[in-house]
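Source file: structure.pdb. Holds: PDB, C-alpha atoms and all ligand atoms.
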```pdb
ATOM      1  CA  MET N   1     -38.744 -63.415   5.689
ATOM      2  CA  LYS N   2     -38.493 -65.234   9.013
ATOM      3  CA  ILE N   3     -37.823 -63.124  12.104
ATOM      4  CA  ILE N   4     -37.614 -64.345  15.691
ATOM      5  CA  LEU N   5     -39.967 -62.493  18.055
ATOM      6  CA  ALA N   6     -38.198 -62.734  21.403
ATOM      7  CA  THR N   7     -40.899 -62.610  24.055
ATOM      8  CA  SER N   8     -42.490 -64.738  26.736
ATOM      9  CA  ASN N   9     -45.685 -62.680  26.661
ATOM     10  CA  ALA N  10     -48.478 -64.428  24.720
ATOM     11  CA  HIS N  11     -50.499 -61.192  24.513
ATOM     12  CA  LYS N  12     -47.638 -59.422  22.748
ATOM     13  CA  ILE N  13     -47.402 -62.277  20.223
ATOM     14  CA  LYS N  14     -51.105 -61.952  19.359
ATOM     15  CA  GLU N  15     -50.920 -58.169  19.125
ATOM     16  CA  VAL N  16     -47.813 -58.154  16.920
ATOM     17  CA  SER N  17     -49.385 -60.631  14.518
ATOM     18  CA  GLN N  18     -52.558 -58.504  14.328
ATOM     19  CA  ILE N  19     -50.534 -55.299  13.834
ATOM     20  CA  SER N  20     -48.104 -56.675  11.258
ATOM     21  CA  LYS N  21     -50.523 -58.281   8.744
ATOM     22  CA  THR N  22     -47.603 -58.692   6.342
ATOM     23  CA  SER N  23     -45.508 -61.322   4.695
ATOM     24  CA  PHE N  24     -42.972 -61.118   7.505
ATOM     25  CA  GLU N  25     -43.110 -64.250   9.570
ATOM     26  CA  PHE N  26     -42.618 -63.430  13.254
ATOM     27  CA  VAL N  27     -41.700 -66.663  15.029
ATOM     28  CA  PRO N  28     -42.173 -66.331  18.797
ATOM     29  CA  LYS N  29     -39.524 -67.712  21.104
ATOM     30  CA  THR N  30     -38.795 -67.288  24.806
ATOM     31  CA  PHE N  31     -35.341 -66.385  26.130
ATOM     32  CA  GLU N  32     -34.315 -65.828  29.735
ATOM     33  CA  VAL N  33     -32.827 -62.341  29.712
ATOM     34  CA  GLU N  34     -32.378 -60.197  32.799
ATOM     35  CA  GLU N  35     -33.986 -56.820  32.127
ATOM     36  CA  ASP N  36     -31.454 -54.729  34.045
ATOM     37  CA  GLY N  37     -31.221 -51.753  31.663
ATOM     38  CA  LYS N  38     -32.132 -48.229  32.737
ATOM     39  CA  THR N  39     -34.419 -47.572  29.771
ATOM     40  CA  PHE N  40     -36.976 -49.419  27.631
ATOM     41  CA  SER N  41     -34.527 -49.100  24.778
ATOM     42  CA  GLU N  42     -31.605 -50.717  26.647
ATOM     43  CA  ASN N  43     -33.798 -53.624  27.702
ATOM     44  CA  ALA N  44     -35.331 -54.138  24.258
ATOM     45  CA  VAL N  45     -31.887 -54.088  22.597
ATOM     46  CA  LYS N  46     -30.590 -56.553  25.200
ATOM     47  CA  LYS N  47     -33.467 -59.003  24.540
ATOM     48  CA  ALA N  48     -33.160 -58.743  20.749
ATOM     49  CA  ARG N  49     -29.335 -59.031  20.803
ATOM     50  CA  PHE N  50     -29.447 -62.092  23.072
ATOM     51  CA  ALA N  51     -31.928 -63.817  20.769
ATOM     52  CA  TYR N  52     -29.858 -62.916  17.677
ATOM     53  CA  GLU N  53     -26.691 -64.363  19.215
ATOM     54  CA  HIS N  54     -28.579 -67.538  19.996
ATOM     55  CA  GLU N  55     -30.559 -67.974  16.747
ATOM     56  CA  LYS N  56     -28.202 -66.330  14.194
ATOM     57  CA  ILE N  57     -31.125 -64.827  12.278
ATOM     58  CA  PRO N  58     -32.751 -61.380  12.608
ATOM     59  CA  THR N  59     -34.804 -60.857  15.728
ATOM     60  CA  VAL N  60     -37.342 -58.456  17.186
ATOM     61  CA  ALA N  61     -38.028 -57.679  20.839
ATOM     62  CA  ASP N  62     -40.036 -55.030  22.611
ATOM     63  CA  ASP N  63     -39.821 -53.494  26.043
ATOM     64  CA  SER N  64     -42.849 -51.581  27.160
ATOM     65  CA  GLY N  65     -44.723 -50.223  30.130
ATOM     66  CA  ILE N  66     -46.924 -47.579  31.658
ATOM     67  CA  GLU N  67     -45.726 -44.191  32.956
ATOM     68  CA  ILE N  68     -48.010 -42.435  35.441
ATOM     69  CA  ASP N  69     -47.180 -38.755  36.015
ATOM     70  CA  ALA N  70     -48.717 -38.556  39.499
ATOM     71  CA  LEU N  71     -46.431 -41.453  40.565
ATOM     72  CA  GLY N  72     -43.301 -39.715  39.286
ATOM     73  CA  GLY N  73     -43.272 -41.671  36.025
ATOM     74  CA  LEU N  74     -43.681 -45.109  37.615
ATOM     75  CA  LEU N  75     -44.108 -47.906  36.716
ATOM     76  CA  GLY N  76     -41.835 -47.352  33.693
ATOM     77  CA  ILE N  77     -39.304 -50.117  33.111
ATOM     78  CA  ARG N  78     -40.600 -51.807  36.278
ATOM     79  CA  SER N  79     -44.067 -52.364  34.797
ATOM     80  CA  ALA N  80     -43.603 -56.131  34.469
ATOM     81  CA  ARG N  81     -41.975 -56.477  37.907
ATOM     82  CA  PHE N  82     -44.441 -54.387  39.959
ATOM     83  CA  MET N  83     -46.003 -56.670  42.640
ATOM     84  CA  LYS N  84     -44.480 -59.641  40.827
ATOM     85  CA  GLY N  85     -46.515 -62.839  41.035
ATOM     86  CA  LYS N  86     -49.778 -61.052  41.933
ATOM     87  CA  PRO N  87     -52.705 -61.012  39.485
ATOM     88  CA  TYR N  88     -53.222 -57.814  37.459
ATOM     89  CA  LYS N  89     -56.581 -57.264  39.217
ATOM     90  CA  GLU N  90     -54.578 -56.699  42.430
ATOM     91  CA  LYS N  91     -51.842 -54.670  40.769
ATOM     92  CA  ASN N  92     -54.405 -52.389  39.132
ATOM     93  CA  ALA N  93     -56.346 -52.074  42.401
ATOM     94  CA  LYS N  94     -53.128 -51.023  44.145
ATOM     95  CA  ILE N  95     -52.435 -48.337  41.533
ATOM     96  CA  LEU N  96     -56.002 -47.003  41.842
ATOM     97  CA  GLU N  97     -55.567 -46.911  45.621
ATOM     98  CA  MET N  98     -52.304 -44.943  45.239
ATOM     99  CA  MET N  99     -54.160 -42.566  42.881
ATOM    100  CA  LYS N 100     -57.299 -42.153  44.979
ATOM    101  CA  ASP N 101     -56.686 -38.500  45.889
ATOM    102  CA  VAL N 102     -55.350 -37.503  42.460
ATOM    103  CA  LEU N 103     -57.627 -35.096  40.589
ATOM    104  CA  GLU N 104     -58.813 -35.720  37.030
ATOM    105  CA  GLU N 105     -56.367 -33.272  35.398
ATOM    106  CA  LYS N 106     -53.389 -34.821  37.201
ATOM    107  CA  ARG N 107     -54.198 -38.404  36.185
ATOM    108  CA  THR N 108     -52.197 -38.242  32.960
ATOM    109  CA  ALA N 109     -50.281 -41.343  31.893
ATOM    110  CA  ARG N 110     -48.925 -43.024  28.819
ATOM    111  CA  PHE N 111     -47.986 -46.459  27.515
ATOM    112  CA  LYS N 112     -44.611 -46.646  25.806
ATOM    113  CA  CYS N 113     -43.172 -49.362  23.614
ATOM    114  CA  VAL N 114     -39.667 -49.622  22.200
ATOM    115  CA  ALA N 115     -39.441 -52.267  19.472
ATOM    116  CA  VAL N 116     -36.006 -53.328  18.271
ATOM    117  CA  TYR N 117     -35.074 -55.136  15.067
ATOM    118  CA  PHE N 118     -31.637 -56.714  15.467
ATOM    119  CA  ASP N 119     -29.654 -57.988  12.481
ATOM    120  CA  GLY N 120     -26.173 -57.547  13.971
ATOM    121  CA  THR N 121     -27.042 -53.899  14.597
ATOM    122  CA  PRO N 122     -29.991 -52.626  16.647
ATOM    123  CA  HIS N 123     -32.694 -50.641  14.830
ATOM    124  CA  VAL N 124     -34.895 -48.907  17.398
ATOM    125  CA  PHE N 125     -38.535 -47.795  16.954
ATOM    126  CA  GLU N 126     -40.638 -46.070  19.605
ATOM    127  CA  GLY N 127     -44.377 -45.797  20.088
ATOM    128  CA  VAL N 128     -46.419 -43.885  22.657
ATOM    129  CA  ILE N 129     -50.096 -43.576  23.486
ATOM    130  CA  GLU N 130     -51.151 -40.765  25.811
ATOM    131  CA  GLY N 131     -54.109 -41.038  28.161
ATOM    132  CA  LYS N 132     -55.155 -40.991  31.785
ATOM    133  CA  ILE N 133     -55.761 -43.338  34.677
ATOM    134  CA  ALA N 134     -59.406 -44.311  35.268
ATOM    135  CA  TYR N 135     -61.124 -44.334  38.687
ATOM    136  CA  GLU N 136     -62.019 -48.011  38.466
ATOM    137  CA  GLN N 137     -61.033 -51.095  36.461
ATOM    138  CA  ARG N 138     -63.175 -51.590  33.378
ATOM    139  CA  GLY N 139     -63.091 -54.140  30.565
ATOM    140  CA  GLU N 140     -61.814 -57.654  29.992
ATOM    141  CA  ASN N 141     -59.871 -57.335  26.727
ATOM    142  CA  GLY N 142     -56.152 -56.754  26.295
ATOM    143  CA  PHE N 143     -53.855 -57.442  29.241
ATOM    144  CA  GLY N 144     -51.804 -55.909  32.026
ATOM    145  CA  TYR N 145     -52.746 -52.325  32.864
ATOM    146  CA  ASP N 146     -55.306 -51.956  30.036
ATOM    147  CA  PRO N 147     -58.335 -51.950  32.448
ATOM    148  CA  ILE N 148     -57.156 -48.710  34.151
ATOM    149  CA  PHE N 149     -55.865 -46.792  31.105
ATOM    150  CA  ILE N 150     -58.162 -44.469  29.116
ATOM    151  CA  PRO N 151     -56.613 -43.410  25.783
ATOM    152  CA  GLN N 152     -56.806 -39.680  25.007
ATOM    153  CA  GLY N 153     -60.045 -38.756  23.233
ATOM    154  CA  CYS N 154     -61.726 -41.987  24.335
ATOM    155  CA  ASP N 155     -64.307 -42.657  27.049
ATOM    156  CA  LYS N 156     -63.481 -46.359  27.317
ATOM    157  CA  THR N 157     -60.491 -48.036  28.900
ATOM    158  CA  MET N 158     -58.060 -49.853  26.667
ATOM    159  CA  ALA N 159     -59.510 -53.148  27.999
ATOM    160  CA  GLN N 160     -62.970 -52.133  26.728
ATOM    161  CA  LEU N 161     -61.696 -51.672  23.179
ATOM    162  CA  SER N 162     -61.811 -54.481  20.636
ATOM    163  CA  SER N 163     -58.420 -55.962  19.772
ATOM    164  CA  GLU N 164     -58.696 -54.292  16.325
ATOM    165  CA  ALA N 165     -59.229 -50.894  17.948
ATOM    166  CA  LYS N 166     -56.416 -51.321  20.493
ATOM    167  CA  ASN N 167     -54.035 -52.595  17.842
ATOM    168  CA  SER N 168     -54.650 -49.611  15.603
ATOM    169  CA  ILE N 169     -53.871 -46.952  18.248
ATOM    170  CA  SER N 170     -51.601 -48.566  20.854
ATOM    171  CA  HIS N 171     -48.001 -47.791  21.725
ATOM    172  CA  ARG N 172     -47.122 -51.236  20.314
ATOM    173  CA  ALA N 173     -48.981 -50.499  17.073
ATOM    174  CA  HIS N 174     -47.078 -47.207  16.631
ATOM    175  CA  ALA N 175     -43.677 -48.814  17.296
ATOM    176  CA  PHE N 176     -44.265 -51.933  15.182
ATOM    177  CA  LYS N 177     -45.749 -49.987  12.255
ATOM    178  CA  LYS N 178     -42.483 -48.027  12.100
ATOM    179  CA  LEU N 179     -40.477 -51.257  12.391
ATOM    180  CA  ILE N 180     -42.468 -52.890   9.573
ATOM    181  CA  GLU N 181     -42.036 -49.842   7.329
ATOM    182  CA  TYR N 182     -38.293 -50.182   7.931
ATOM    183  CA  LEU N 183     -38.361 -53.907   7.063
ATOM    184  CA  LYS N 184     -40.293 -53.142   3.862
ATOM    185  CA  SER N 185     -37.607 -50.657   2.863
ATOM    186  CA  LEU N 186     -34.836 -53.269   3.069
ATOM    187  CA  PRO N 187     -33.519 -54.650  -0.244
ATOM    188  CA  ILE N 188     -34.456 -58.278   0.490
TER     189      ILE N 188
HETATM  190  P1  LIG B 201     -41.186 -60.063  27.460
HETATM  191  O1  LIG B 201     -40.147 -59.231  28.162
HETATM  192  O2  LIG B 201     -40.887 -61.525  27.494
HETATM  193  O3  LIG B 201     -41.504 -59.571  26.071
HETATM  194  P2  LIG B 201     -42.949 -58.943  29.468
HETATM  195  O4  LIG B 201     -44.422 -59.062  29.766
HETATM  196  O5  LIG B 201     -41.993 -59.139  30.609
HETATM  197  O6  LIG B 201     -42.585 -59.923  28.251
HETATM  198  P3  LIG B 201     -41.982 -56.236  29.269
HETATM  199  O7  LIG B 201     -40.722 -56.555  29.995
HETATM  200  O8  LIG B 201     -41.926 -55.374  28.043
HETATM  201  O9  LIG B 201     -42.730 -57.548  28.800
HETATM  202  O10 LIG B 201     -42.982 -55.612  30.315
HETATM  203  C1  LIG B 201     -44.074 -54.935  29.859
HETATM  204  C2  LIG B 201     -45.112 -54.841  30.965
HETATM  205  O11 LIG B 201     -45.763 -53.571  30.816
HETATM  206  C3  LIG B 201     -46.179 -55.890  30.759
HETATM  207  O12 LIG B 201     -45.905 -57.071  31.476
HETATM  208  C4  LIG B 201     -47.423 -55.156  31.246
HETATM  209  O13 LIG B 201     -47.467 -55.194  32.644
HETATM  210  C5  LIG B 201     -47.148 -53.724  30.830
HETATM  211  N1  LIG B 201     -47.661 -53.474  29.454
HETATM  212  C6  LIG B 201     -46.915 -53.345  28.316
HETATM  213  N2  LIG B 201     -47.711 -53.195  27.236
HETATM  214  C7  LIG B 201     -48.970 -53.229  27.710
HETATM  215  C8  LIG B 201     -50.234 -53.155  27.085
HETATM  216  O14 LIG B 201     -50.362 -53.066  25.767
HETATM  217  N3  LIG B 201     -51.315 -53.215  27.857
HETATM  218  C9  LIG B 201     -51.206 -53.333  29.193
HETATM  219  N4  LIG B 201     -50.067 -53.453  29.864
HETATM  220  C10 LIG B 201     -48.936 -53.397  29.127
END
```
As a first step, turn the structure in this file into structure tokens.
Ligand code: ITT
Amino acid sequence: MKIILATSNAHKIKEVSQISKTSFEFVPKTFEVEEDGKTFSENAVKKARFAYEHEKIPTVADDSGIEIDALGGLLGIRSARFMKGKPYKEKNAKILEMMKDVLEEKRTARFKCVAVYFDGTPHVFEGVIEGKIAYEQRGENGFGYDPIFIPQGCDKTMAQLSSEAKNSISHRAHAFKKLIEYLKSLPI
């Protein structure tokens, strides 16, 4: 079954193909959609709906980001727009600077992903990974805020994990595993 994966993020495309490992064919395609929703879910539905109206076949989109408790839940839905145009090395350095006086137990954070399958109706699947913000950037794998995020129960940052390890525990893995279970349950 062919499904459009509406994203402009090459890292997401790689991760979804590693997570899915199924007969579903996710075909990546970029659409210009303004992410002006108030929640991950609103934005993910908007992206998937836009792609569906354009392509006329089922689509999938995800909206995701990092929530840092000591920053009042930021970056949240602004994760992609924070310091837009700057490299992630600088964005991550800025976050670490903002967190410099925050004690270990207050450094809690999480990545969230809302994946939407749209076939005329939105089907919404959420994934979360809890963790904390590191004191320095570590690792070269993954993308975005992975070098400053330490998953719960782990002593490495997400960017120090292999892609197999990240894609078995990540917020995206949790959301897309639910989405794929749903697709497998469809009578097609
Ligand atoms: P599309 O909207 O085209 O899919 P995008 O990169 O703009 O691509 P989002 O709007 O969902 O995607 O923004 C998600 C941002 O959150 C992303 O750009 C990263 O900064 C961050 N993020 C999401 N998942 C992440 C992950 O697994 N590791 C590190 N950072 C992540």
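Taking only C-alpha atoms, the non-local environment of N:Ala93 within 10 Å (same-chain residues fewer than 3 positions away omitted) comprises N:Tyr88, N:Lys89, N:Glu90, N:Leu96, N:Glu97, N:Met98, N:Met99, N:Tyr135, N:Glu136, N:Gln137, N:Ile148.
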Once the PyMOL selection byres (((chain N and resi 25) around 12) and not hetatm) is applied to the coordinates I shared, what remains selected? I want it as a PDB file with C-alpha atoms, in the coordinates of the input.
```
ATOM      1  CA  MET N   1     -38.744 -63.415   5.689  1.00  0.00           C
ATOM      2  CA  LYS N   2     -38.493 -65.234   9.013  1.00  0.00           C
ATOM      3  CA  ILE N   3     -37.823 -63.124  12.104  1.00  0.00           C
ATOM      4  CA  ILE N   4     -37.614 -64.345  15.691  1.00  0.00           C
ATOM      5  CA  LEU N   5     -39.967 -62.493  18.055  1.00  0.00           C
ATOM      6  CA  ILE N  13     -47.402 -62.277  20.223  1.00  0.00           C
ATOM      7  CA  VAL N  16     -47.813 -58.154  16.920  1.00  0.00           C
ATOM      8  CA  SER N  17     -49.385 -60.631  14.518  1.00  0.00           C
ATOM      9  CA  SER N  20     -48.104 -56.675  11.258  1.00  0.00           C
ATOM     10  CA  LYS N  21     -50.523 -58.281   8.744  1.00  0.00           C
ATOM     11  CA  THR N  22     -47.603 -58.692   6.342  1.00  0.00           C
ATOM     12  CA  SER N  23     -45.508 -61.322   4.695  1.00  0.00           C
ATOM     13  CA  PHE N  24     -42.972 -61.118   7.505  1.00  0.00           C
ATOM     14  CA  PHE N  26     -42.618 -63.430  13.254  1.00  0.00           C
ATOM     15  CA  VAL N  27     -41.700 -66.663  15.029  1.00  0.00           C
ATOM     16  CA  PRO N  28     -42.173 -66.331  18.797  1.00  0.00           C
ATOM     17  CA  PRO N  58     -32.751 -61.380  12.608  1.00  0.00           C
ATOM     18  CA  THR N  59     -34.804 -60.857  15.728  1.00  0.00           C
ATOM     19  CA  VAL N  60     -37.342 -58.456  17.186  1.00  0.00           C
ATOM     20  CA  ILE N 180     -42.468 -52.890   9.573  1.00  0.00           C
ATOM     21  CA  LEU N 183     -38.361 -53.907   7.063  1.00  0.00           C
TER      22      LEU N 183
END
```
When you count only C-alpha atoms and all ligand atoms, which of these residues is closest to ligand LIG 201 (chain B): N:Ala134, N:Val116, N:Val45, N:Ala80?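 Among the listed residues, N:Ala80 lies closest to ligand LIG 201 (chain B).
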Between atom CA of N:Gln18 and atom CA of N:Glu164, distance in Å (one decimal):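 Atom CA of N:Gln18 sits 7.7 Å away from atom CA of N:Glu164.
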Box for ligand LIG 201 (chain B): with edges along x, y and z, all listed atoms inside and 6 Å added on each side, what are the centre and edge lengths in Å to one decimal, as JSON?
```
{"center_x": -45.7, "center_y": -57.3, "center_z": 29.2, "size_x": 23.2, "size_y": 20.5, "size_z": 18.9}
```
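In terms of minimum interatomic distance to N:Ala165, N:Ile19 ranks closest within N:Lys94, N:Pro87, N:Ile19, N:Phe143, counting all atoms listed in the file.
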Care to translate the PyMOL selection byres (((not hetatm)) within 6 of (chain B and resi 201)) into actual residues of this file, as a PyMOL selection string? chain N and resi 7-9+62-65+79-80+143-146
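With atom CA of N:Tyr52 on one side and atom CA of N:Phe176 on the other, the separation reads 18.3 Å.
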Starting from the incomplete input, reconstruct N, CA, C and O atoms of stretch 10-27 of chain N and write that as a PDB file, in the frame of the given file.
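Result saved to selection28.pdb:
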```pdb
ATOM      1  N   ALA N  10     -47.566 -63.939  25.770  1.00  0.00           N
ATOM      2  CA  ALA N  10     -48.478 -64.428  24.720  1.00  0.00           C
ATOM      3  C   ALA N  10     -49.359 -63.301  24.163  1.00  0.00           C
ATOM      4  O   ALA N  10     -49.730 -63.335  22.984  1.00  0.00           O
ATOM      5  N   HIS N  11     -49.678 -62.314  24.990  1.00  0.00           N
ATOM      6  CA  HIS N  11     -50.499 -61.192  24.513  1.00  0.00           C
ATOM      7  C   HIS N  11     -49.749 -60.379  23.464  1.00  0.00           C
ATOM      8  O   HIS N  11     -50.308 -59.946  22.464  1.00  0.00           O
ATOM      9  N   LYS N  12     -48.451 -60.166  23.724  1.00  0.00           N
ATOM     10  CA  LYS N  12     -47.638 -59.422  22.748  1.00  0.00           C
ATOM     11  C   LYS N  12     -47.624 -60.160  21.409  1.00  0.00           C
ATOM     12  O   LYS N  12     -47.720 -59.542  20.350  1.00  0.00           O
ATOM     13  N   ILE N  13     -47.486 -61.480  21.456  1.00  0.00           N
ATOM     14  CA  ILE N  13     -47.402 -62.277  20.223  1.00  0.00           C
ATOM     15  C   ILE N  13     -48.663 -62.067  19.387  1.00  0.00           C
ATOM     16  O   ILE N  13     -48.603 -61.797  18.188  1.00  0.00           O
ATOM     17  N   LYS N  14     -49.817 -62.146  20.046  1.00  0.00           N
ATOM     18  CA  LYS N  14     -51.105 -61.952  19.359  1.00  0.00           C
ATOM     19  C   LYS N  14     -51.192 -60.550  18.766  1.00  0.00           C
ATOM     20  O   LYS N  14     -51.598 -60.360  17.626  1.00  0.00           O
ATOM     21  N   GLU N  15     -50.799 -59.563  19.580  1.00  0.00           N
ATOM     22  CA  GLU N  15     -50.920 -58.169  19.125  1.00  0.00           C
ATOM     23  C   GLU N  15     -49.988 -57.907  17.942  1.00  0.00           C
ATOM     24  O   GLU N  15     -50.395 -57.284  16.962  1.00  0.00           O
ATOM     25  N   VAL N  16     -48.765 -58.402  18.013  1.00  0.00           N
ATOM     26  CA  VAL N  16     -47.813 -58.154  16.920  1.00  0.00           C
ATOM     27  C   VAL N  16     -48.326 -58.807  15.647  1.00  0.00           C
ATOM     28  O   VAL N  16     -48.248 -58.216  14.564  1.00  0.00           O
ATOM     29  N   SER N  17     -48.926 -59.993  15.753  1.00  0.00           N
ATOM     30  CA  SER N  17     -49.385 -60.631  14.518  1.00  0.00           C
ATOM     31  C   SER N  17     -50.578 -59.851  13.959  1.00  0.00           C
ATOM     32  O   SER N  17     -50.706 -59.699  12.748  1.00  0.00           O
ATOM     33  N   GLN N  18     -51.430 -59.304  14.814  1.00  0.00           N
ATOM     34  CA  GLN N  18     -52.558 -58.504  14.328  1.00  0.00           C
ATOM     35  C   GLN N  18     -52.086 -57.163  13.729  1.00  0.00           C
ATOM     36  O   GLN N  18     -52.638 -56.690  12.744  1.00  0.00           O
ATOM     37  N   ILE N  19     -51.050 -56.587  14.330  1.00  0.00           N
ATOM     38  CA  ILE N  19     -50.534 -55.299  13.834  1.00  0.00           C
ATOM     39  C   ILE N  19     -49.812 -55.496  12.501  1.00  0.00           C
ATOM     40  O   ILE N  19     -49.969 -54.701  11.578  1.00  0.00           O
ATOM     41  N   SER N  20     -49.026 -56.568  12.401  1.00  0.00           N
ATOM     42  CA  SER N  20     -48.104 -56.675  11.258  1.00  0.00           C
ATOM     43  C   SER N  20     -48.814 -57.001   9.945  1.00  0.00           C
ATOM     44  O   SER N  20     -48.546 -56.376   8.932  1.00  0.00           O
ATOM     45  N   LYS N  21     -49.735 -57.921   9.949  1.00  0.00           N
ATOM     46  CA  LYS N  21     -50.523 -58.281   8.744  1.00  0.00           C
ATOM     47  C   LYS N  21     -49.678 -58.224   7.467  1.00  0.00           C
ATOM     48  O   LYS N  21     -50.078 -57.642   6.466  1.00  0.00           O
ATOM     49  N   THR N  22     -48.469 -58.766   7.516  1.00  0.00           N
ATOM     50  CA  THR N  22     -47.603 -58.692   6.342  1.00  0.00           C
ATOM     51  C   THR N  22     -47.026 -60.057   6.027  1.00  0.00           C
ATOM     52  O   THR N  22     -47.333 -61.041   6.690  1.00  0.00           O
ATOM     53  N   SER N  23     -46.144 -60.065   5.061  1.00  0.00           N
ATOM     54  CA  SER N  23     -45.508 -61.322   4.695  1.00  0.00           C
ATOM     55  C   SER N  23     -44.361 -61.679   5.633  1.00  0.00           C
ATOM     56  O   SER N  23     -43.768 -62.744   5.508  1.00  0.00           O
ATOM     57  N   PHE N  24     -44.052 -60.784   6.577  1.00  0.00           N
ATOM     58  CA  PHE N  24     -42.972 -61.118   7.505  1.00  0.00           C
ATOM     59  C   PHE N  24     -43.483 -62.143   8.508  1.00  0.00           C
ATOM     60  O   PHE N  24     -44.553 -61.969   9.098  1.00  0.00           O
ATOM     61  N   GLU N  25     -42.683 -63.183   8.670  1.00  0.00           N
ATOM     62  CA  GLU N  25     -43.110 -64.250   9.570  1.00  0.00           C
ATOM     63  C   GLU N  25     -42.423 -64.058  10.917  1.00  0.00           C
ATOM     64  O   GLU N  25     -41.216 -64.284  11.040  1.00  0.00           O
ATOM     65  N   PHE N  26     -43.183 -63.612  11.915  1.00  0.00           N
ATOM     66  CA  PHE N  26     -42.618 -63.430  13.254  1.00  0.00           C
ATOM     67  C   PHE N  26     -42.780 -64.740  14.026  1.00  0.00           C
ATOM     68  O   PHE N  26     -43.906 -65.164  14.296  1.00  0.00           O
ATOM     69  N   VAL N  27     -41.660 -65.376  14.332  1.00  0.00           N
ATOM     70  CA  VAL N  27     -41.700 -66.663  15.029  1.00  0.00           C
ATOM     71  C   VAL N  27     -41.395 -66.439  16.507  1.00  0.00           C
ATOM     72  O   VAL N  27     -40.279 -66.064  16.862  1.00  0.00           O
TER      73      VAL N  27
END
```
